[in-house]
There are 2 protein chains.
Amino acid sequence: MLKQKITLKHIAKELDVSISTVSKALKNSEEISRDTKEKIQAFAKLYNYKPNNIAISLKNKRTKNIGVIIPDIVHHFFTTVVRGIENYANAKGYNVIVCLSDESFDKEVINMEMLANGSIDGFIMSLSAGTEKNKDFNHLKEVTQQGIPMVLFDRITEEISCDKVLIDDMQGAYMATKKLLDEGRRKIALLTTEDFFSVSRNRNKGYEKALRDFGLGLDEDLVLRLPFMDIDEHKISEFLNAIHPDAILSVNEIFGIYGMRVVQRKGMRVPEDVSIIGFTDGLLAKHANPSLTSVAQHGERMGEIAANMLIERVENESDEVAYRTKILEPTLIERDSTIN
Amino acid sequence: MLKQKITLKHIAKELDVSISTVSKALKNSEEISRDTKEKIQAFAKLYNYKPNNIAISLKNKRTKNIGVIIPDIVHHFFTTVVRGIENYANAKGYNVIVCLSDESFDKEVINMEMLANGSIDGFIMSLSAGTEKNKDFNHLKEVTQQGIPMVLFDRITEEISCDKVLIDDMQGAYMATKKLLDEGRRKIALLTTEDFFSVSRNRNKGYEKALRDFGLGLDEDLVLRLPFMDIDEHKISEFLNAIHPDAILSVNEIFGIYGMRVVQRKGMRVPEDVSIIGFTDGLLAKHANPSLTSVAQHGERMGEIAANMLIERVENESDEVAYRTKILEPTLIERDSTIN
DNA sequence: AAAAATAACGAAAACGGTTTCGTGTTAATA
DNA sequence: TATTAACACGAAACCGTTTTCGTTATTTTT
C-alpha cells in the first residue's frame, strides 16, 4: 500500500532521460523540447510528483519556515499573535514552527538552539519571564550574529538590535487611567506584576504619568505587585479591603477579572462603586459580568506586522536596512465595567 | 559581523583531515584515534559547531518535525492540546509545526500538502468544520497511503484508518445530563451546533440517552442548533424565552456562557432557577459568574497521548501494529452553575 | 562545403551531512 | 621473514534537488 514518494530520479529512469532534463522540464525550461516536456510533465502529473521540501531547503539554504517562540500558548494574547503570524506567513508560503518557552529561560534557549541549526529562516519571539528576569540575552545575540533575522514582539529588550513590534504600553495605561480620572475617580488601585516585565513597567509608568498630569502623585500603597502565576485571590482581597479604591487598573486581563470578583463579593457594584479597566482584550473581558473595559493590544495585527517584517528581511538579502521598531497604538475598548 | 555557520567541510579543511574523519570524530567513533578526536572535538567546540538539521533530515529521511493542523488557535481546547503535544514532542526532540485550517476545507488541504512533501514525519490533526461538512477525506487518505503516520483527535472520522484519540463525548453529555436530572430538573434545554460535527452528534446522543434512561423522551423543541460562528445571542434569548427550561446543557463553553447571561438577564437565578452545564473546561467557565459546571475534555492529556502515539509510529518502522483509538473519560467539574 | 550557430540534452558539482568500503601503515603472528 | 591483523583514516556514494557547463547533432550562415 505504501505508495513510495516519487522523485526526479524515478521519473528520469522511467522515461529514460537524465535527472537534469526532468528537473528542467518540470520548470518549463526553454532548454527542453516541447515533446520531452509534455511527456515528462504528463508523467509527473500522473504520479503526482511533488518536489521534496527538505532537498530544496538544503539546496537554497531557505526553509520557508518561521520559528515562533512564545512563553505560553494557553493565553489569549499570544494566541491572537500566532494567528496573525500564521495568516501572513501562510499567504507567503511559509510554515510556522511554534515553540513554547513556558516562561522558562532554559526552555527558551533550548528551543532556539533546536531551531537555529537550519530549521528556520528567522525567528519571531516574545521573551519568557525567566529571560526578562535574569536579563541574559546571549542566546538572542548569538542567533542574530549568525545572521538569522529576528523580530521581537511585546516582551522585548533594548539589548538586542533587531526589528521589534509592540504596543505603546505606557500610552495604553495612560489612556485607561485618564478615563478613570475623567470619570471622577481619584483612588485608583493598580494591579500589576513583578517588576521584571518590561511591559508592566511601561504600563506602570503610564498610570503614574496620568496621575501626575492630573495633579495627583503616585501612592505606592495603591499598587499591588503580584506574581504572574498562581494568582492568590486572597491577597487581592486583602489589598482591596485595605485601601478601598474607587477604581482599579489592571495590567492584564486576569487580575482585572479577579479584582472585579473581589469587589463584587464585598457587595460593591461595578461600575457604580468601582470602575475597572484591564489590559488585553480577550474572551474573559468580553464575557465577564459586567464586561470588562480593556486596553486592546491588537495581537493579530502585531503578528501580521512581525511576520511581514521578518519575511522582508529573509527575502531581501540587502541586509543593511536599519532595524525598525513598530509601535502600535493601543485602543481602549469601553465596556460595562466603567461608566458610559 | 555575519559569523558564517561552520560546517564539517570547514573543520576538515582547517585541520587538514577528511570530512569523514571529522564526522566520525564528532560522533566519538572508535575508528578515530584519541589524538585526532580530541583535536577535532576541541576545534568544533571552539567554533560552536552544530550539525545542520536540514542536511541530517535529508540523509535520514527524518525531520524530527510534527505537523499539527487545527481549526483555530484562539480556542482554549485546541490550545491546551497543542500544549500537550509540545510538551511531549519537545521532550522527545521533536519540533511542532502548527498550521491553522481556520475551519476551512481548502486551507486544511493546502496546509497538508505543504507539509506532506518532506517537512514533517507525521500529522496530528483535528478536522475543520468545512471538512466535517462536506465529508471529503481524500487529502487524509492520500497522506496515509504515502505512509505518513497520522493521529486524529477530537474531531475525527471513521473513514480514515489511523490512530485516534478523543474523549467519550456521549458519556460526557450523559454524565452532565444525568447530573441535571438528579437535581430534579426535567426540562433540560440543549444548546448544540449544526449536525455535521461528529463531536456534537455524540454529545446530543448522550443527552438523549440520559433522558431516555430517566424515562423521558427527546423533545426536539428543547434543542437549539446554532451555527458555530457568529453567535446570535438574540436567537438564544428567543429560544429560552419560548421554552422556559429549568436547566441548560451546552455542547461547548461559549453557548453555555451565552445561555447563562440570557437567563440572568431575564431575572432568573443560576443555579437556583436554572442549572447550566457546558463542555470544555476553559477560562470562561472558570471565571464566569457563577462559575460554570463543565465537562472537562482533558486537552493537554489528549495532546500528550496523540504525540506519544505518533512518535511511536514514526520511530517504529514496524508498521503493522494495529491502529489504536484511545478514548478518554470525560470529567464533570462541578461548579456554581449547578446545585451543590 | 566548411564554419558557425542553435537546439536538446546529460554530466557533474553543490547543498551538509552519514556511512560503507577501501587502503596504506604499523604491529602481531606464523 | 613473510603473512596477517589491527588501526586510523580517506574516497565516494547517497539523500533529492538545482544549475552550470559541456557535448552532440542538426541547422544556418558564408
# chains A, B, ... in the order shown; residues from 1 in each chain; ligands from 1

call {"tool": "residues_around", "arguments": {"residues": "B:Ala55", "least_positions_apart": "2", "cutoff": "12 Å", "atoms": "only C-alpha atoms (C1' of nucleotides)", "output": "PyMOL selection string"}}
result
(chain A and resi 53-61+63+117-119) or (chain B and resi 7-8+50-53+57-63) or (chain C and resi 15-18) or (chain D and resi 14-16)

call {"tool": "residues_around", "arguments": {"residues": "D:DT26", "least_positions_apart": "2", "cutoff": "10 Å", "atoms": "only C-alpha atoms (C1' of nucleotides)", "output": "list in words"}}
result
DT6 and DA7 of chain C; DT24 and DT28 of chain D

call {"tool": "write_last_selection", "arguments": {"atoms": "C-alpha atoms (C1' of nucleotides)", "output": "PDB file, in the first residue's frame"}}
result
ATOM      1  C1'  DT C   6      21.471  26.678 -32.458  1.00  0.00           C
ATOM      2  C1'  DA C   7      18.782  23.147 -30.182  1.00  0.00           C
TER       3       DA C   7
ATOM      4  C1'  DT D  24      26.404  16.116 -29.582  1.00  0.00           C
ATOM      5  C1'  DT D  28      22.050  28.073 -40.573  1.00  0.00           C
TER       6       DT D  28
END

call {"tool": "closest_residue", "arguments": {"among": "D:DA2, D:DC21, D:DA12, D:DT29", "to": "chain B", "atoms": "only C-alpha atoms (C1' of nucleotides)"}}
result
D:DA12

call {"tool": "atom_distance", "arguments": {"atom1": "atom CA of B:Val321", "atom2": "atom CA of B:Ile124"}}
result
18.0 Å

call {"tool": "interface_residues", "arguments": {"of": "chain D", "to": "chain B", "cutoff": "7 Å", "atoms": "only C-alpha atoms (C1' of nucleotides)", "output": "PyMOL selection string"}}
result
chain D and resi 8-10+15

call {"tool": "interface_residues", "arguments": {"of": "chain A", "to": "chain B", "cutoff": "8 Å", "atoms": "only C-alpha atoms", "output": "MDAnalysis selection string"}}
result
chainID A and resid 1:5 50:55 57:58 73:74 76 79:80 82:83 86 95:100 117:119 145:147 257 283:284 287:289

call {"tool": "interface_residues", "arguments": {"of": "chain C", "to": "chain A", "cutoff": "7 Å", "atoms": "only C-alpha atoms (C1' of nucleotides)", "output": "list of chain:residue names"}}
result
C:DA8, C:DC9, C:DG10, C:DC15
